[in-house]
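The data block below is entry-v4.tsv; it holds TSV, C-alpha atoms.
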chain	number	residue	atom	x	y	z
B	1	MET	CA	122.47	117.40	130.30
B	2	LYS	CA	124.78	114.98	128.51
B	3	GLU	CA	128.38	114.90	129.62
B	4	ALA	CA	131.14	115.61	127.11
B	5	PRO	CA	132.66	112.41	125.74
B	6	VAL	CA	136.00	111.46	127.27
B	7	THR	CA	139.05	110.61	125.15
B	8	VAL	CA	140.20	107.55	127.10
B	9	THR	CA	138.23	105.23	129.36
B	10	CYS	CA	139.55	102.55	131.68
B	11	GLY	CA	138.11	99.15	132.58
B	12	ILE	CA	139.41	96.98	135.42
B	13	ASP	CA	138.54	93.30	135.79
B	14	TRP	CA	139.34	92.65	139.44
B	15	SER	CA	140.15	89.45	141.29
B	16	GLU	CA	141.60	88.49	144.64
B	17	LYS	CA	145.30	88.52	143.71
B	18	HIS	CA	145.56	90.59	140.52
B	19	HIS	CA	143.58	92.93	138.28
B	20	ASP	CA	143.47	93.27	134.48
B	21	VAL	CA	143.46	96.84	133.20
B	22	ALA	CA	142.42	97.97	129.72
B	23	LEU	CA	142.35	101.51	128.28
B	24	VAL	CA	140.48	102.33	125.06
B	25	ASP	CA	140.21	105.55	123.08
B	26	LYS	CA	137.06	107.21	121.74
B	27	THR	CA	136.95	104.82	118.74
B	28	GLY	CA	137.13	101.73	120.94
B	29	THR	CA	140.74	100.94	120.01
B	30	LEU	CA	142.83	99.37	122.75
B	31	VAL	CA	145.62	101.79	123.69
B	32	ALA	CA	147.04	99.99	126.72
B	33	LYS	CA	146.61	96.87	128.78
B	34	ARG	CA	148.32	95.61	131.88
B	35	ARG	CA	147.91	93.06	134.66
B	36	ILE	CA	148.63	94.58	138.05
B	37	SER	CA	149.04	93.02	141.47
B	38	ASP	CA	146.68	93.72	144.35
B	39	ASP	CA	149.15	95.72	146.45
B	40	ALA	CA	150.92	99.06	146.64
B	41	GLU	CA	153.21	98.19	143.72
B	42	GLY	CA	150.20	97.34	141.55
B	43	TRP	CA	148.59	100.66	142.47
B	44	ARG	CA	151.77	102.52	141.47
B	45	VAL	CA	151.79	100.76	138.09
B	46	LEU	CA	148.12	101.66	137.53
B	47	VAL	CA	148.69	105.34	138.36
B	48	GLU	CA	151.67	105.50	135.99
B	49	LEU	CA	149.69	103.77	133.23
B	50	LEU	CA	146.83	106.24	133.55
B	51	ALA	CA	149.24	109.19	133.61
B	52	GLU	CA	150.89	107.99	130.38
B	53	HIS	CA	147.53	108.24	128.58
B	54	GLY	CA	146.34	111.66	129.65
B	55	ASP	CA	145.24	111.27	133.25
B	56	HIS	CA	145.31	114.66	135.01
B	57	PRO	CA	144.04	115.80	138.43
B	58	ASP	CA	141.72	118.30	136.71
B	59	ASP	CA	140.51	115.75	134.16
B	60	PRO	CA	141.00	112.20	135.52
B	61	ILE	CA	140.30	109.16	133.38
B	62	PRO	CA	137.03	107.48	134.47
B	63	VAL	CA	137.19	103.86	135.58
B	64	ALA	CA	134.63	101.05	135.33
B	65	ILE	CA	134.88	98.05	137.65
B	66	GLU	CA	132.47	95.31	138.73
B	67	THR	CA	132.53	96.09	142.45
B	68	SER	CA	132.03	99.07	144.74
B	69	ARG	CA	134.20	97.76	147.57
B	70	GLY	CA	137.82	96.95	148.31
B	71	LEU	CA	141.09	98.80	148.70
B	72	LEU	CA	141.51	99.35	144.96
B	73	VAL	CA	138.11	101.05	144.68
B	74	SER	CA	138.80	103.09	147.82
B	75	CYS	CA	142.09	104.35	146.39
B	76	LEU	CA	140.46	105.17	143.05
B	77	ARG	CA	137.72	107.18	144.77
B	78	ALA	CA	140.34	109.05	146.80
B	79	THR	CA	141.76	110.48	143.55
B	80	SER	CA	138.40	112.26	142.93
B	81	ARG	CA	137.92	110.45	139.63
B	82	LYS	CA	134.58	109.01	138.50
B	83	VAL	CA	134.40	105.34	139.39
B	84	TYR	CA	131.53	103.32	137.93
B	85	ALA	CA	130.53	100.06	139.64
B	86	ILE	CA	128.93	98.07	136.83
B	87	ASN	CA	126.72	95.11	137.71
B	88	PRO	CA	128.35	91.83	136.52
B	89	LEU	CA	125.06	90.82	134.86
B	90	ALA	CA	125.11	94.01	132.81
B	91	VAL	CA	128.73	93.31	131.83
B	92	ALA	CA	127.72	89.84	130.64
B	93	ARG	CA	125.00	91.34	128.43
B	94	TYR	CA	127.43	93.87	126.96
B	95	ARG	CA	129.89	91.06	126.26
B	96	GLU	CA	127.28	89.29	124.13
B	97	ARG	CA	126.86	92.35	121.89
B	98	HIS	CA	130.06	91.49	120.05
B	99	SER	CA	130.19	87.71	120.27
B	100	VAL	CA	127.73	84.84	120.60
B	101	ALA	CA	130.46	82.23	121.16
B	102	ARG	CA	130.35	82.99	124.93
B	103	ALA	CA	134.15	83.20	125.03
B	104	LYS	CA	135.46	84.91	128.17
B	105	SER	CA	138.78	86.15	129.51
B	106	ASP	CA	139.91	88.65	132.13
B	107	HIS	CA	141.38	90.98	129.53
B	108	ALA	CA	138.21	90.82	127.40
B	109	ASP	CA	136.12	91.73	130.45
B	110	ALA	CA	138.37	94.72	131.16
B	111	MET	CA	137.91	95.79	127.53
B	112	THR	CA	134.13	95.41	127.85
B	113	LEU	CA	134.09	97.57	130.96
B	114	ALA	CA	136.12	100.29	129.27
B	115	ASN	CA	133.80	100.24	126.25
B	116	ILE	CA	130.72	100.47	128.49
B	117	LEU	CA	131.97	103.86	129.66
B	118	ARG	CA	132.91	104.86	126.14
B	119	VAL	CA	129.43	104.35	124.69
B	120	ASP	CA	127.02	104.36	127.65
B	121	ALA	CA	128.54	106.41	130.48
B	122	ALA	CA	125.43	108.61	130.54
B	123	HIS	CA	123.28	105.56	131.42
B	124	HIS	CA	125.36	104.65	134.48
B	125	ARG	CA	125.95	106.65	137.63
B	126	PRO	CA	129.39	106.94	139.24
B	127	LEU	CA	129.95	106.04	142.86
B	128	PRO	CA	128.91	108.93	145.11
B	129	GLU	CA	131.48	111.35	146.47
B	130	ASP	CA	130.56	110.70	150.09
B	131	SER	CA	132.49	112.27	152.94
B	132	GLU	CA	134.89	110.23	155.04
B	133	LEU	CA	132.54	110.45	158.02
B	134	VAL	CA	129.54	109.07	156.16
B	135	GLN	CA	131.66	106.23	154.78
B	136	ALA	CA	132.66	105.35	158.35
B	137	ILE	CA	129.00	105.53	159.42
B	138	ALA	CA	128.11	103.17	156.57
B	139	VAL	CA	130.69	100.63	157.74
B	140	LEU	CA	129.42	100.74	161.33
B	141	ALA	CA	125.70	100.81	160.48
B	142	ARG	CA	125.95	97.88	158.07
B	143	ALA	CA	128.06	95.88	160.50
B	144	GLN	CA	125.52	96.52	163.24
B	145	GLN	CA	122.67	95.49	160.95
B	146	ASP	CA	124.54	92.29	160.08
B	147	ALA	CA	125.10	91.62	163.79
B	148	VAL	CA	121.36	92.06	164.46
B	149	TRP	CA	120.49	89.65	161.65
B	150	ASN	CA	123.07	87.16	162.93
B	151	ARG	CA	121.70	87.52	166.46
B	152	GLN	CA	118.17	86.76	165.28
B	153	GLN	CA	119.34	83.78	163.24
B	154	LEU	CA	121.11	82.30	166.28
B	155	ALA	CA	118.05	82.98	168.47
B	156	ASN	CA	115.88	81.13	165.96
B	157	GLN	CA	118.29	78.16	166.02
B	158	LEU	CA	118.23	78.14	169.83
B	159	ARG	CA	114.44	78.32	169.89
B	160	SER	CA	114.17	75.40	167.49
B	161	LEU	CA	116.58	73.38	169.62
B	162	LEU	CA	114.80	74.13	172.91
B	163	ARG	CA	111.49	72.98	171.43
B	164	GLU	CA	113.01	69.52	171.04
B	165	TYR	CA	113.82	68.97	174.70
B	166	PHE	CA	113.13	72.04	176.90
B	167	PRO	CA	109.88	73.84	175.93
B	168	ALA	CA	109.51	75.21	179.47
B	169	ALA	CA	112.46	77.52	178.77
B	170	LEU	CA	110.63	79.03	175.81
B	171	LYS	CA	107.60	79.71	177.96
B	172	ALA	CA	109.75	81.15	180.74
B	173	PHE	CA	111.22	83.86	178.56
B	174	HIS	CA	108.24	84.52	176.31
B	175	VAL	CA	107.50	87.82	178.04
B	176	LYS	CA	107.03	91.33	176.63
B	177	ASN	CA	110.43	92.87	175.87
B	178	ILE	CA	112.09	89.67	177.08
B	179	GLY	CA	113.18	86.87	174.75
B	180	LEU	CA	115.95	84.40	174.17
B	181	THR	CA	118.30	87.25	173.23
B	182	SER	CA	117.80	88.95	176.61
B	183	ARG	CA	120.59	88.92	179.17
B	184	GLU	CA	118.34	87.15	181.66
B	185	ALA	CA	117.62	84.26	179.29
B	186	ARG	CA	121.26	83.88	178.28
B	187	ALA	CA	122.48	83.87	181.88
B	188	VAL	CA	119.92	81.35	183.17
B	189	LEU	CA	120.13	78.96	180.20
B	190	GLN	CA	123.93	78.99	180.20
B	191	ALA	CA	123.89	77.93	183.86
B	192	ALA	CA	121.04	75.40	183.44
B	193	PRO	CA	120.70	74.28	179.79
B	194	THR	CA	118.59	71.17	180.55
B	195	PRO	CA	115.24	70.61	182.31
B	196	GLY	CA	117.00	68.58	185.02
B	197	ALA	CA	119.53	71.30	185.78
B	198	ALA	CA	116.88	74.02	185.66
B	199	ALA	CA	114.65	72.18	188.14
B	200	LYS	CA	117.53	72.17	190.66
B	201	LEU	CA	118.12	75.92	190.55
B	202	THR	CA	117.72	77.33	194.05
B	203	PHE	CA	116.32	80.68	195.02
B	204	ARG	CA	119.79	81.94	195.87
B	205	ARG	CA	121.31	80.71	192.60
B	206	LEU	CA	118.54	82.26	190.47
B	207	HIS	CA	118.87	85.51	192.39
B	208	ALA	CA	122.59	85.64	191.63
B	209	LEU	CA	122.04	84.83	187.95
B	210	LEU	CA	119.37	87.47	187.47
B	211	ARG	CA	121.34	90.13	189.37
B	212	GLY	CA	124.45	89.24	187.39
B	213	SER	CA	122.55	89.67	184.13
B	214	GLY	CA	121.67	93.24	185.07
B	215	ARG	CA	118.07	92.82	186.23
B	216	GLN	CA	117.20	95.08	189.16
B	217	ARG	CA	113.41	95.00	189.41
B	218	ASN	CA	110.93	92.26	190.29
B	219	ILE	CA	113.69	89.73	190.88
B	220	GLU	CA	111.72	87.73	193.48
B	221	THR	CA	108.67	87.64	191.17
B	222	TRP	CA	110.90	86.37	188.37
B	223	ILE	CA	112.39	83.70	190.63
B	224	ASP	CA	108.97	82.41	191.70
B	225	ARG	CA	107.81	82.29	188.08
B	226	LEU	CA	110.93	80.52	186.80
B	227	GLN	CA	110.89	77.93	189.58
B	228	ALA	CA	107.22	77.20	188.98
B	229	LEU	CA	107.82	76.65	185.26
B	230	PHE	CA	111.04	74.66	185.63
B	231	ARG	CA	109.73	72.32	188.36
B	232	VAL	CA	106.42	71.43	186.75
B	233	GLU	CA	106.14	67.94	185.31
B	234	GLN	CA	107.09	67.87	181.61
B	235	LEU	CA	108.09	65.52	178.84
B	236	ARG	CA	111.78	64.64	178.84
B	237	GLN	CA	114.36	63.21	176.43
B	238	LEU	CA	116.49	60.23	177.43
B	239	PRO	CA	119.14	61.31	180.00
B	240	LEU	CA	122.19	61.05	177.72
B	241	VAL	CA	120.32	62.65	174.82
B	242	GLU	CA	119.14	65.46	177.07
B	243	GLU	CA	122.67	66.09	178.26
B	244	ALA	CA	123.97	66.19	174.67
B	245	LEU	CA	121.23	68.61	173.65
B	246	GLY	CA	122.16	70.78	176.62
B	247	ARG	CA	125.78	70.91	175.44
B	248	GLN	CA	124.57	71.94	171.99
B	249	ALA	CA	122.43	74.68	173.55
B	250	GLN	CA	125.41	75.99	175.53
B	251	ALA	CA	127.46	76.19	172.33
B	252	LEU	CA	124.67	78.17	170.64
B	253	LEU	CA	124.40	80.42	173.68
B	254	LEU	CA	128.10	81.29	173.45
B	255	GLN	CA	127.61	82.38	169.84
B	256	LEU	CA	124.40	84.23	170.72
B	257	ASP	CA	126.07	86.03	173.60
B	258	ALA	CA	128.90	87.18	171.30
B	259	ALA	CA	126.41	88.34	168.66
B	260	CYS	CA	124.41	90.29	171.25
B	261	ARG	CA	127.51	92.02	172.60
B	262	ALA	CA	128.68	92.83	169.07
B	263	ALA	CA	125.30	94.31	168.15
B	264	ASP	CA	125.24	96.45	171.30
B	265	GLN	CA	128.81	97.71	170.90
B	266	LEU	CA	128.34	98.50	167.21
B	267	ALA	CA	125.07	100.27	167.96
B	268	GLU	CA	126.86	102.53	170.43
B	269	ALA	CA	129.68	103.28	167.98
B	270	THR	CA	127.19	103.90	165.16
B	271	GLY	CA	125.13	106.32	167.23
B	272	GLU	CA	128.24	108.23	168.30
B	273	ALA	CA	129.49	108.63	164.72
B	274	PHE	CA	126.02	109.51	163.42
B	275	GLY	CA	125.64	112.27	166.01
B	276	ARG	CA	128.69	114.05	164.56
B	277	HIS	CA	127.19	114.28	161.06
B	278	PRO	CA	125.41	117.52	160.10
B	279	ASP	CA	122.51	115.60	158.52
B	280	ALA	CA	121.70	113.85	161.81
B	281	ALA	CA	119.42	116.63	163.06
B	282	ILE	CA	117.39	116.62	159.83
B	283	ILE	CA	117.04	112.83	159.69
B	284	THR	CA	116.07	112.39	163.35
B	285	SER	CA	113.45	115.14	163.05
B	286	PHE	CA	111.33	112.64	161.11
B	287	PRO	CA	108.90	110.50	163.13
B	288	GLY	CA	110.08	106.91	163.47
B	289	LEU	CA	113.79	107.66	163.05
B	290	ALA	CA	116.22	107.62	165.97
B	291	ASP	CA	120.02	107.48	166.07
B	292	LEU	CA	120.39	103.87	164.96
B	293	THR	CA	117.71	103.77	162.27
B	294	GLY	CA	118.73	107.24	161.16
B	295	ALA	CA	122.32	106.09	160.79
B	296	ARG	CA	121.19	103.17	158.64
B	297	VAL	CA	119.25	105.52	156.38
B	298	LEU	CA	122.19	107.91	156.07
B	299	ALA	CA	124.56	105.01	155.39
B	300	GLU	CA	122.59	103.98	152.31
B	301	LEU	CA	121.76	107.51	151.08
B	302	GLY	CA	125.17	109.05	151.71
B	303	ASP	CA	125.78	112.79	151.80
B	304	ASP	CA	126.54	113.39	148.11
B	305	ARG	CA	123.46	115.39	147.15
B	306	THR	CA	124.09	114.85	143.43
B	307	ARG	CA	123.89	111.07	143.76
B	308	PHE	CA	120.19	110.87	142.89
B	309	ALA	CA	118.67	112.78	139.98
B	310	GLY	CA	115.50	113.30	142.01
B	311	ALA	CA	113.15	111.85	144.60
B	312	ARG	CA	111.85	109.30	142.07
B	313	ALA	CA	115.34	107.91	141.57
B	314	LEU	CA	115.80	107.57	145.34
B	315	LYS	CA	112.44	105.82	145.72
B	316	ALA	CA	113.33	103.36	142.96
B	317	TYR	CA	116.69	102.72	144.64
B	318	ALA	CA	114.95	102.00	147.95
B	319	GLY	CA	112.32	99.78	146.32
B	320	SER	CA	109.42	101.81	147.74
B	321	ALA	CA	108.16	102.98	144.34
B	322	PRO	CA	106.12	100.40	142.37
B	323	ILE	CA	107.22	99.13	138.98
B	324	THR	CA	104.93	98.86	135.95
B	325	ARG	CA	105.10	96.14	133.30
B	326	ALA	CA	103.02	96.97	130.23
B	327	SER	CA	102.83	94.87	127.07
B	328	GLY	CA	99.89	95.01	124.67
B	329	LYS	CA	96.71	94.83	126.71
B	330	SER	CA	98.55	93.62	129.81
B	331	LEU	CA	99.31	96.14	132.55
B	332	VAL	CA	100.71	94.91	135.86
B	333	VAL	CA	101.94	97.03	138.76
B	334	HIS	CA	103.87	95.37	141.56
B	335	HIS	CA	106.62	96.13	144.08
B	336	ARG	CA	110.29	96.13	143.18
B	337	LYS	CA	112.48	93.13	143.94
B	338	VAL	CA	115.73	94.66	142.72
B	339	LYS	CA	116.51	97.31	145.32
B	340	ASN	CA	118.82	98.25	148.16
B	341	GLN	CA	117.83	95.54	150.63
B	342	ARG	CA	119.35	97.32	153.62
B	343	LEU	CA	117.46	100.54	152.94
B	344	ALA	CA	114.25	98.59	152.31
B	345	ALA	CA	114.69	96.77	155.64
B	346	VAL	CA	115.14	99.95	157.65
B	347	GLY	CA	112.32	101.52	155.64
B	348	TYR	CA	109.88	98.92	156.95
B	349	VAL	CA	110.94	99.65	160.54
B	350	TRP	CA	110.83	103.40	159.92
B	351	SER	CA	107.36	103.43	158.37
B	352	PHE	CA	105.95	101.17	161.09
B	353	ALA	CA	107.40	103.34	163.89
B	354	SER	CA	106.18	106.53	162.19
B	355	LEU	CA	102.55	105.46	162.56
B	356	ARG	CA	102.54	107.03	166.01
B	357	ALA	CA	102.55	110.43	164.32
B	358	PRO	CA	99.18	111.73	163.02
B	359	GLY	CA	100.28	112.43	159.45
B	360	PRO	CA	101.86	109.04	158.59
B	361	ARG	CA	99.06	107.27	160.47
B	362	ALA	CA	96.39	109.04	158.46
B	363	HIS	CA	98.21	108.24	155.23
B	364	TYR	CA	98.52	104.57	156.24
B	365	ASP	CA	94.81	104.40	157.17
B	366	TYR	CA	93.91	106.01	153.86
B	367	ARG	CA	95.89	103.41	151.91
B	368	ARG	CA	94.28	100.61	153.92
B	369	ALA	CA	90.85	102.04	153.19
B	370	GLU	CA	91.76	102.07	149.50
B	371	GLY	CA	92.32	98.31	149.67
B	372	ASP	CA	96.07	98.03	150.31
B	373	ARG	CA	97.39	95.22	152.47
B	374	HIS	CA	99.41	96.06	155.57
B	375	SER	CA	102.78	95.62	153.83
B	376	SER	CA	101.66	97.62	150.79
B	377	ALA	CA	100.34	100.45	152.93
B	378	LEU	CA	103.58	100.54	154.92
B	379	ARG	CA	105.61	100.57	151.71
B	380	ASN	CA	103.49	103.46	150.39
B	381	THR	CA	104.01	105.34	153.65
B	382	PHE	CA	107.76	104.73	153.38
B	383	ASN	CA	107.62	106.00	149.81
B	384	ARG	CA	105.95	109.22	150.95
B	385	MET	CA	108.34	109.73	153.87
B	386	LEU	CA	111.36	109.07	151.64
B	387	GLY	CA	110.27	111.80	149.25
B	388	CYS	CA	109.92	114.19	152.18
B	389	LEU	CA	113.37	113.25	153.46
B	390	PHE	CA	114.91	113.87	150.04
B	391	HIS	CA	113.34	117.33	149.93
B	392	CYS	CA	114.49	118.18	153.45
B	393	LEU	CA	118.07	117.06	152.85
B	394	GLN	CA	118.30	118.94	149.57
B	395	ASN	CA	116.96	122.15	151.15
B	396	ARG	CA	118.51	121.71	154.63
B	397	LYS	CA	115.15	121.75	156.41
B	398	THR	CA	113.78	119.69	159.28
B	399	TYR	CA	110.56	117.69	159.07
B	400	ASP	CA	107.30	119.64	159.04
B	401	GLU	CA	104.22	117.43	159.24
B	402	SER	CA	101.84	120.12	158.02
B	403	ALA	CA	103.88	120.37	154.81
B	404	ALA	CA	104.48	116.64	154.46
B	405	PHE	CA	100.83	115.59	154.97
B	406	PRO	CA	98.67	118.67	154.32
B	407	HIS	CA	95.46	116.71	153.62
B	408	ARG	CA	95.82	113.35	155.35
B	409	ARG	CA	95.49	114.64	158.88
B	410	SER	CA	92.19	116.40	158.21
B	411	MET	CA	90.97	113.28	156.41
B	412	ARG	CA	91.81	111.14	159.44
B	413	LEU	CA	90.01	113.52	161.79
B	414	SER	CA	86.92	113.54	159.56
B	415	HIS	CA	86.88	109.72	159.48
B	416	ALA	CA	87.22	109.62	163.26
B	417	SER	CA	84.26	111.96	163.74
Give the structure from the file, written as structure tokens.
Amino acid sequence: MKEAPVTVTCGIDWSEKHHDVALVDKTGTLVAKRRISDDAEGWRVLVELLAEHGDHPDDPIPVAIETSRGLLVSCLRATSRKVYAINPLAVARYRERHSVARAKSDHADAMTLANILRVDAAHHRPLPEDSELVQAIAVLARAQQDAVWNRQQLANQLRSLLREYFPAALKAFHVKNIGLTSREARAVLQAAPTPGAAAKLTFRRLHALLRGSGRQRNIETWIDRLQALFRVEQLRQLPLVEEALGRQAQALLLQLDAACRAADQLAEATGEAFGRHPDAAIITSFPGLADLTGARVLAELGDDRTRFAGARALKAYAGSAPITRASGKSLVVHHRKVKNQRLAAVGYVWSFASLRAPGPRAHYDYRRAEGDRHSSALRNTFNRMLGCLFHCLQNRKTYDESAAFPHRRSMRLSHAS
């Protein structure tokens, strides 16, 4: 259903220190413009400007802006008005509808944004009306995801550095569930960042380091293994070069240690906030989703059930649904590149972890048998699970595998026999 056209629309071209505001009527005529500061006084001026041109709590003037973040956007959303975050690339294309000279100004961009809402509001979706709790979960979940990515990046840098002068350290901590990000590796390498220092580690010193890192089991076995690896003959850098590389490794270890602690603390805070949300029970009922991954999914979906027109819209947003390009006799189907990267990342983890359940596993095996690669089959499984999640959230139901995969399980059993 098309929405009734609004009388006045507002466009805001934002920047770090000030924002340009433009209001146009239903004919596209400029009725007001103002440059406001990025503070409380600027917000007061904006509210007064909107009120002068018909803004009312029951019928607020919609606003278009090129970002979905920041204090200004947060305050606008708190007024329960429709706020449209328009992609800057789309704004650039709209700008070229009226001029090919490629002229640009902040006021002209604000006008363009206002006119986008005037003529094409139905083709854009406003920011969701998420609850305060889910917005807090989104902040924590995204920060934790960033910390995990930062942790892995630092671990990769450390691994690359150790290969240059201390490969025995890589072998020492290349154990199942143990890596360079583990507390054991960080404690030992911080105390002995060079082959020379590691070879001098005594039984007592290693015992203290491992106990201090939190390890409680198989400590003596670990000590024997580490001493055997560290004291074996190996290629070495020149003494001064080795010492310098050790200092560099210690600096990386300090950053890695901070990233690991940040990821752990944020994971705890995210899980605690997620547990208070009413959708948590539904989301974690799905195979492959726990508190942390469930919180990441909720952070990107939100709890505004009108945000997506249907399951297809959600799948396109997540990038799990394929995209078709057809022109003449050419027909190409491939995966989406423009998508919510955070949701796509947790979707890969979710679909892979869900393979322990019979239904998702049978669906994955079926897609593989049809010729899909591993990544394509996982993406298809994620696509199926996402549709089920949308249905469950809309109808307030928990996951039911017999309803989600009514045929795949029997197919898997028949293949097995």
### Summary
Counting all atoms listed in the file, the residue among B:Val232, B:Ala353, B:Leu393, B:Ala369 that lies closest to Gly310 (chain B) is B:Leu393
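Among the candidate residues B:Thr381, B:Gln144, B:Thr67, B:Gln394, the one lying nearest to Glu268 (chain B) is B:Gln144, with distances computed using only C-alpha atoms.
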Please report, as a Markdown table, each residue of region 12-69 of chain B lying at most 10 Å from region 117-137 of chain B, together with the nearest pair of atoms and the separation in Å rounded to one decimal; use all atoms listed in the file, and order rows by chain and ascending residue number.
| residue | atom | partner | partner_atom | distance |
| --- | --- | --- | --- | --- |
| B:Val24 | CA | B:Arg118 | CA | 8.1 |
| B:Asp25 | CA | B:Arg118 | CA | 7.9 |
| B:Lys26 | CA | B:Arg118 | CA | 6.5 |
| B:Thr27 | CA | B:Arg118 | CA | 8.4 |
| B:Gly28 | CA | B:Arg118 | CA | 7.4 |
| B:Pro62 | CA | B:Leu117 | CA | 7.9 |
| B:Val63 | CA | B:Leu117 | CA | 7.9 |
| B:Ala64 | CA | B:Leu117 | CA | 6.9 |
| B:Ser68 | CA | B:Leu127 | CA | 7.5 |
### Message
Report, in Å to a single decimal, how far apart CA of Asn150 (chain B) and CA of Gln248 (chain B) are.
### Response
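Interatomic distance here is 17.8 Å.
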Using only C-alpha atoms, determine which residues lie at most 10 Å from region 30-39 of chain B, disregarding the query and same-chain residues fewer than 5 positions distant; provide the list as a PDB file with C-alpha atoms, in the coordinates of the input.
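Ended up saving to selection16.pdb:
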ATOM      1  CA  VAL B   8     140.200 107.550 127.100  1.00  0.00           C
ATOM      2  CA  THR B   9     138.230 105.230 129.360  1.00  0.00           C
ATOM      3  CA  CYS B  10     139.550 102.550 131.680  1.00  0.00           C
ATOM      4  CA  GLY B  11     138.110  99.150 132.580  1.00  0.00           C
ATOM      5  CA  ILE B  12     139.410  96.980 135.420  1.00  0.00           C
ATOM      6  CA  ASP B  13     138.540  93.300 135.790  1.00  0.00           C
ATOM      7  CA  TRP B  14     139.340  92.650 139.440  1.00  0.00           C
ATOM      8  CA  SER B  15     140.150  89.450 141.290  1.00  0.00           C
ATOM      9  CA  GLU B  16     141.600  88.490 144.640  1.00  0.00           C
ATOM     10  CA  LYS B  17     145.300  88.520 143.710  1.00  0.00           C
ATOM     11  CA  HIS B  18     145.560  90.590 140.520  1.00  0.00           C
ATOM     12  CA  HIS B  19     143.580  92.930 138.280  1.00  0.00           C
ATOM     13  CA  ASP B  20     143.470  93.270 134.480  1.00  0.00           C
ATOM     14  CA  VAL B  21     143.460  96.840 133.200  1.00  0.00           C
ATOM     15  CA  ALA B  22     142.420  97.970 129.720  1.00  0.00           C
ATOM     16  CA  LEU B  23     142.350 101.510 128.280  1.00  0.00           C
ATOM     17  CA  VAL B  24     140.480 102.330 125.060  1.00  0.00           C
ATOM     18  CA  ASP B  25     140.210 105.550 123.080  1.00  0.00           C
ATOM     19  CA  ARG B  44     151.770 102.520 141.470  1.00  0.00           C
ATOM     20  CA  VAL B  45     151.790 100.760 138.090  1.00  0.00           C
ATOM     21  CA  LEU B  46     148.120 101.660 137.530  1.00  0.00           C
ATOM     22  CA  LEU B  49     149.690 103.770 133.230  1.00  0.00           C
ATOM     23  CA  LEU B  50     146.830 106.240 133.550  1.00  0.00           C
ATOM     24  CA  GLU B  52     150.890 107.990 130.380  1.00  0.00           C
ATOM     25  CA  HIS B  53     147.530 108.240 128.580  1.00  0.00           C
ATOM     26  CA  LEU B  71     141.090  98.800 148.700  1.00  0.00           C
ATOM     27  CA  LEU B  72     141.510  99.350 144.960  1.00  0.00           C
ATOM     28  CA  ASP B 106     139.910  88.650 132.130  1.00  0.00           C
ATOM     29  CA  HIS B 107     141.380  90.980 129.530  1.00  0.00           C
ATOM     30  CA  ALA B 110     138.370  94.720 131.160  1.00  0.00           C
ATOM     31  CA  MET B 111     137.910  95.790 127.530  1.00  0.00           C
ATOM     32  CA  ALA B 114     136.120 100.290 129.270  1.00  0.00           C
ATOM     33  CA  ASN B 115     133.800 100.240 126.250  1.00  0.00           C
TER      34      ASN B 115
END
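Using all atoms listed in the file, the nearest neighbour of Pro278 (chain B) within the list B:Arg396, B:Glu242, B:Gly328, B:Phe308 is B:Arg396.
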### Task
Determine the nearest neighbour of Ala311 (chain B) from the options B:Leu386, B:Val175, B:Val349, B:Ala198, counting all atoms listed in the file.
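Among B:Leu386, B:Val175, B:Val349, B:Ala198, it is B:Leu386 that comes nearest to Ala311 (chain B).
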### Query
How far is it from CA of Leu158 (chain B) to CA of Leu256 (chain B), in Å with one decimal?
8.7 Å
#### Entry: Residue nearest Ala78 (chain B) - candidates B:Val188, B:Ala138, B:Pro57, B:Gly179, atoms counted: only C-alpha atoms
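Counting only C-alpha atoms, the residue closest to Ala78 (chain B) is B:Pro57.
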### Summary
Between CA of Asp303 (chain B) and CA of Arg142 (chain B) lies a distance of 16.2 Å
### Distance criterion (all atoms listed in the file): nearest to Val297 (chain B) out of B:Gln145, B:Ser80, B:Thr181, B:Asn156
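Looking at the shortest contact to Val297 (chain B), the residue is B:Gln145.
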Selection: 8 Å around region 91-98 of chain B, all atoms listed in the file, excl. self and same-chain fewer than 2 positions, as a PDB file with C-alpha atoms, in the coordinates of the input:
ATOM      1  CA  ILE B  86     128.930  98.070 136.830  1.00  0.00           C
ATOM      2  CA  ASN B  87     126.720  95.110 137.710  1.00  0.00           C
ATOM      3  CA  PRO B  88     128.350  91.830 136.520  1.00  0.00           C
ATOM      4  CA  LEU B  89     125.060  90.820 134.860  1.00  0.00           C
ATOM      5  CA  VAL B 100     127.730  84.840 120.600  1.00  0.00           C
ATOM      6  CA  ARG B 102     130.350  82.990 124.930  1.00  0.00           C
ATOM      7  CA  ASP B 109     136.120  91.730 130.450  1.00  0.00           C
ATOM      8  CA  THR B 112     134.130  95.410 127.850  1.00  0.00           C
ATOM      9  CA  LEU B 113     134.090  97.570 130.960  1.00  0.00           C
ATOM     10  CA  ILE B 116     130.720 100.470 128.490  1.00  0.00           C
TER      11      ILE B 116
END
### Query
If you count only C-alpha atoms, which residues fall within 8 Å of Thr398 (chain B), apart from same-chain ones fewer than 2 positions away, as number ranges by chain?
B: 281-283, 285-286, 392, 396, 400
### Message
The residues within 6 Å of (120.0, 70.9, 180.6), using all atoms listed in the file and the coordinates of the file, should be reported as a list in words; which are they?
### Response
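The residues that fall inside the cut-off are Ala192, Pro193, Thr194, Pro195, Gly196, Ala197, Glu243 and Gly246 of chain B.
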